[in-house]
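Here is the structure we will look at, set down as structure tokens.
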Amino acid sequence: MSTTNAVIGERIASLRVARGLTQAQLAGALGLEHKQVVSNLEKGERALKAPELARLSELFHVSPLVVLGLQPVASPAFVLWRQPAAGQVRVDEEARFIERCRRYAFLERLAHLEPSTLALRYEVKPRQTTFEDVSEWAEQARRALGVGDMPAPGLQEVLEQRHGIKIFVTGLKGGSGATFRGEFGDAVLVNAGEAPGRRAFSVAHELFHLLTWESTPADRNVATPAATERIEKLAENFAAAFVLPREALIERMPRGKPAEWRVFQWVELARQFGVSVPALAWRLVNLGKLQRQQAEQIIADPTRAGAGVQTASSAERPLPDRYVTLAFKAYLEDEISIGKLAELLETNVGMLRKVLRDYGFDLDSDVWQAEAIPS
């Protein structure tokens, strides 16, 4: 038994335990026939093979150097969840989210860009901050970020391209959305299972958590259920005011009382702002233009509540356009190998051409037609 094998074995064991896996489960993930092989690895009685190292790196969402014991295991990053999943599902979703953020920051640095963190800050106090306060914050943030009077349709693109926020729209096995701020910059995770009209609202909801980050994470770990619920309600109010600005909404409202609008008027107005009809109805309640009971009746009516809201496509691309652009640029400038490009795009070399085509790039073209990288 060599010292190197012993060090590697101890690291594999610690990573496995941290992920909540048994030796049998890890053996299955590695394609090994029996858990005894994992036991031998962890005891340093068997050398780790290169394909196993690659698989462990992928499974644990860490660098191969971490698996080999040549780099320390980083402290778990804090991820702020909205309706988090439980147990191992949450661990897996967080690990994948943070790993994608890490890779994104790696690509930014290759392009001589620093991971971005929003400079705008607000302090939220569950017992003191009012809905009026967050509505005012939404107005200020909307103007500061330059997203216009009808932000929802282009919100994700503006936040990504202009402000460098990492936004991942991906299918989640659990949880409805999350936010992260740390060494990799600001990042948002949105569930691809939501309809597009709801997704813009979710991005605005997570934006609230980024803007109030310093005043909420530490409290969240010890917060009472009442405080947590209050913060979420404030975030929902912020999101509604952000994607449905008061002046722009009132200016475009059809004539007459909202409770008397016809179906097509509700749908048309919701489509203009890129939101769902329920989101529009509750915003009108907040503005005093609609009674709560009337909103509930409108939302309960399937001809209005669901009309005009596109359904999410299962074929939507899981990685941000800016991320893929940075990765392809790094490859063309010989910063990374074709194998690394495939790894960053979460595919293999054989499927790389197809994946790149899905994002509008041609691996075989001598002319790179990608948009300019933001500076």
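Residues in the structure tokens are numbered from 1 in each chain, the chains being A, B, ... in the order shown, and ligands are numbered from 1 in the order shown.
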Original post:
Using only C-alpha atoms, which residues sit within 7 Å of segment 7-16 of chain A once same-chain residues fewer than 6 positions away are excluded, as a PyMOL selection string?
Top reply: chain A and resi 41-44+60+67-69
Would you tabulate, counting only C-alpha atoms, all residues of segment 94-115 of chain A that have an atom at most 8 Å from an atom of segment 179-200 of chain A, showing the closest pair of atoms and their distance in Å to one decimal, sorted by chain then ascending number, as JSON lines?
```
{"residue": "A:Phe97", "atom": "CA", "partner": "A:Leu189", "partner_atom": "CA", "distance": 7.4}
{"residue": "A:Cys101", "atom": "CA", "partner": "A:Phe184", "partner_atom": "CA", "distance": 6.0}
{"residue": "A:Arg102", "atom": "CA", "partner": "A:Phe184", "partner_atom": "CA", "distance": 5.9}
{"residue": "A:Tyr104", "atom": "CA", "partner": "A:Phe184", "partner_atom": "CA", "distance": 7.7}
{"residue": "A:Ala105", "atom": "CA", "partner": "A:Phe184", "partner_atom": "CA", "distance": 5.4}
{"residue": "A:Pro115", "atom": "CA", "partner": "A:Gly185", "partner_atom": "CA", "distance": 4.7}
```
With a cut-off of 10 Å, could you pull out the residues of segment 22-134 of chain A touching segment 237-240 of chain A and give me the nearest pair of atoms for each, distance in Å to one decimal, using only C-alpha atoms, ordered by chain and ascending number, as JSON lines?
```
{"residue": "A:Thr130", "atom": "CA", "partner": "A:Asn237", "partner_atom": "CA", "distance": 9.7}
{"residue": "A:Phe131", "atom": "CA", "partner": "A:Asn237", "partner_atom": "CA", "distance": 6.4}
{"residue": "A:Glu132", "atom": "CA", "partner": "A:Asn237", "partner_atom": "CA", "distance": 8.9}
{"residue": "A:Asp133", "atom": "CA", "partner": "A:Phe238", "partner_atom": "CA", "distance": 8.9}
{"residue": "A:Val134", "atom": "CA", "partner": "A:Phe238", "partner_atom": "CA", "distance": 5.2}
```
**OP:** Give me, please, the distance in Å between atom CA of Glu108 of chain A and atom CA of His61 of chain A, quoted to one decimal.
**Re:**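 Between these atoms lies a distance of 19.0 Å.
Taking atom CA of Tyr122 of chain A and atom CA of Arg230 of chain A as the two end points, the separation is 15.9 Å.
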Original post:
atom CA of Leu319 of chain A to atom CA of Glu346 of chain A: how many Å, to one decimal?
Top reply: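 That distance, rounded to one decimal, is 9.1 Å.
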**OP:** Excluding segment 324-336 of chain A and any residue of its chain fewer than 4 positions from it, enumerate the residues within 7 Å of it, using only C-alpha atoms, and give them as a list in words.
**Re:**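 Contacts, in chain order: Leu107, Glu108, Leu110, Leu319, Pro320, Lys340, Leu341 and Ala370 of chain A.
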File dump, residues just selected, C-alpha atoms, as a PDB file, in the first residue's frame:
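Result went into again05.pdb, see below:
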```pdb
ATOM      1  CA  LEU A 107     -14.553  30.699 -18.717  1.00  0.00           C
ATOM      2  CA  GLU A 108     -15.011  34.328 -17.712  1.00  0.00           C
ATOM      3  CA  LEU A 110     -10.113  32.945 -19.633  1.00  0.00           C
ATOM      4  CA  LEU A 319     -26.791  26.196 -20.531  1.00  0.00           C
ATOM      5  CA  PRO A 320     -26.849  30.002 -20.909  1.00  0.00           C
ATOM      6  CA  LYS A 340     -12.472  20.278 -22.369  1.00  0.00           C
ATOM      7  CA  LEU A 341     -15.004  22.090 -24.568  1.00  0.00           C
ATOM      8  CA  ALA A 370     -20.572  34.604 -32.409  1.00  0.00           C
TER       9      ALA A 370
END
```
Subject >> Distance query Lys289 of chain A at most 12 Å, only C-alpha atoms, self and fewer than 2 positions along chain excluded, as a ChimeraX atom specification >> reply: /A:246,249-250,253,256-260,280-287,291-292,294-295
**OP:** Mind checking which residues fall within 8 Å of segment 35-39 of chain A, counting only C-alpha atoms, ignoring those fewer than 2 positions away in the same chain, and posting them as JSON, numbers by chain?
**Re:** {"A": [23, 24, 25, 26, 27, 32, 33, 41, 42, 43, 46]}
Could the residues in this selection be written to a file with C-alpha atoms, as a short mmCIF file (atom, residue, chain, number, x, y, z; two decimals), in the first residue's frame?
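out-v1.cif was written with the following content:
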```
data_model
loop_
_atom_site.label_atom_id
_atom_site.label_comp_id
_atom_site.auth_asym_id
_atom_site.auth_seq_id
_atom_site.Cartn_x
_atom_site.Cartn_y
_atom_site.Cartn_z
CA GLN A 23 -20.03 2.10 -0.71
CA ALA A 24 -22.51 0.00 -2.69
CA GLN A 25 -24.08 3.10 -4.23
CA LEU A 26 -20.69 4.51 -5.18
CA ALA A 27 -19.71 1.17 -6.70
CA LEU A 32 -18.05 -1.63 -10.39
CA GLU A 33 -19.46 -5.06 -9.67
CA LEU A 41 -9.99 1.95 -2.89
CA GLU A 42 -10.81 3.77 0.34
CA LYS A 43 -8.32 1.65 2.29
CA ARG A 46 -6.22 -0.63 -4.84
#
```
**OP:** Output as a PyMOL selection string all residues of segment 174-369 of chain A that backbone DSSP marks as helix (DSSP H, G or I).
**Re:** chain A and resi 196-211+213-215+217-220+225-243+246-252+258-260+263-273+277-286+292-300+302-305+321-332+338-344+349-358
Subject >> 10 Å contact set for Leu120 of chain A, only C-alpha atoms, chain neighbours under 4 positions out, as a ChimeraX atom specification >> reply: /A:140-141,144-145,210-212
**OP:** Using DSSP on the backbone, list every residue of segment 111-218 of chain A that comes out as strand (DSSP E), and give them as a VMD selection string.
**Re:** chain A and resid 166 to 170 177 to 182 185 to 191
Produce a file of the selected residues containing N, CA and C atoms, as a PDB file, in the first residue's frame.
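Output file part.pdb is given in full below:
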```
ATOM      1  N   LYS A 166     -25.270  35.015 -13.797  1.00  0.00           N
ATOM      2  CA  LYS A 166     -25.334  33.662 -14.339  1.00  0.00           C
ATOM      3  C   LYS A 166     -26.736  33.107 -14.095  1.00  0.00           C
ATOM      4  N   ILE A 167     -27.488  32.872 -15.153  1.00  0.00           N
ATOM      5  CA  ILE A 167     -28.862  32.389 -15.015  1.00  0.00           C
ATOM      6  C   ILE A 167     -28.984  31.033 -15.708  1.00  0.00           C
ATOM      7  N   PHE A 168     -29.304  30.014 -14.919  1.00  0.00           N
ATOM      8  CA  PHE A 168     -29.473  28.666 -15.444  1.00  0.00           C
ATOM      9  C   PHE A 168     -30.949  28.290 -15.380  1.00  0.00           C
ATOM     10  N   VAL A 169     -31.517  27.976 -16.528  1.00  0.00           N
ATOM     11  CA  VAL A 169     -32.898  27.498 -16.598  1.00  0.00           C
ATOM     12  C   VAL A 169     -32.818  26.010 -16.891  1.00  0.00           C
ATOM     13  N   THR A 170     -33.071  25.216 -15.891  1.00  0.00           N
ATOM     14  CA  THR A 170     -32.842  23.771 -16.036  1.00  0.00           C
ATOM     15  C   THR A 170     -33.917  22.977 -15.309  1.00  0.00           C
ATOM     16  N   GLY A 177     -36.412  27.023  -7.287  1.00  0.00           N
ATOM     17  CA  GLY A 177     -35.489  28.056  -7.721  1.00  0.00           C
ATOM     18  C   GLY A 177     -34.487  28.345  -6.624  1.00  0.00           C
ATOM     19  N   ALA A 178     -33.368  28.961  -7.000  1.00  0.00           N
ATOM     20  CA  ALA A 178     -32.323  29.213  -6.005  1.00  0.00           C
ATOM     21  C   ALA A 178     -31.463  30.389  -6.431  1.00  0.00           C
ATOM     22  N   THR A 179     -30.696  30.907  -5.466  1.00  0.00           N
ATOM     23  CA  THR A 179     -29.802  32.030  -5.686  1.00  0.00           C
ATOM     24  C   THR A 179     -28.468  31.741  -5.023  1.00  0.00           C
ATOM     25  N   PHE A 180     -27.397  32.232  -5.654  1.00  0.00           N
ATOM     26  CA  PHE A 180     -26.064  32.054  -5.089  1.00  0.00           C
ATOM     27  C   PHE A 180     -25.246  33.314  -5.302  1.00  0.00           C
ATOM     28  N   ARG A 181     -24.509  33.718  -4.281  1.00  0.00           N
ATOM     29  CA  ARG A 181     -23.524  34.793  -4.420  1.00  0.00           C
ATOM     30  C   ARG A 181     -22.255  34.336  -3.717  1.00  0.00           C
ATOM     31  N   GLY A 182     -21.130  34.418  -4.410  1.00  0.00           N
ATOM     32  CA  GLY A 182     -19.871  33.968  -3.822  1.00  0.00           C
ATOM     33  C   GLY A 182     -18.726  34.240  -4.760  1.00  0.00           C
ATOM     34  N   GLY A 185     -19.383  34.788  -8.475  1.00  0.00           N
ATOM     35  CA  GLY A 185     -20.280  35.854  -8.891  1.00  0.00           C
ATOM     36  C   GLY A 185     -21.720  35.595  -8.491  1.00  0.00           C
ATOM     37  N   ASP A 186     -22.639  36.358  -9.073  1.00  0.00           N
ATOM     38  CA  ASP A 186     -24.071  36.227  -8.804  1.00  0.00           C
ATOM     39  C   ASP A 186     -24.684  35.209  -9.757  1.00  0.00           C
ATOM     40  N   ALA A 187     -25.524  34.333  -9.224  1.00  0.00           N
ATOM     41  CA  ALA A 187     -26.127  33.295 -10.055  1.00  0.00           C
ATOM     42  C   ALA A 187     -27.552  33.005  -9.607  1.00  0.00           C
ATOM     43  N   VAL A 188     -28.378  32.634 -10.575  1.00  0.00           N
ATOM     44  CA  VAL A 188     -29.788  32.326 -10.338  1.00  0.00           C
ATOM     45  C   VAL A 188     -30.115  30.995 -11.006  1.00  0.00           C
ATOM     46  N   LEU A 189     -30.879  30.178 -10.312  1.00  0.00           N
ATOM     47  CA  LEU A 189     -31.332  28.896 -10.844  1.00  0.00           C
ATOM     48  C   LEU A 189     -32.851  28.921 -10.932  1.00  0.00           C
ATOM     49  N   VAL A 190     -33.379  28.651 -12.129  1.00  0.00           N
ATOM     50  CA  VAL A 190     -34.821  28.678 -12.368  1.00  0.00           C
ATOM     51  C   VAL A 190     -35.250  27.333 -12.931  1.00  0.00           C
ATOM     52  N   ASN A 191     -36.404  26.872 -12.518  1.00  0.00           N
ATOM     53  CA  ASN A 191     -36.920  25.578 -12.967  1.00  0.00           C
ATOM     54  C   ASN A 191     -37.455  25.676 -14.395  1.00  0.00           C
TER      55      ASN A 191
END
```
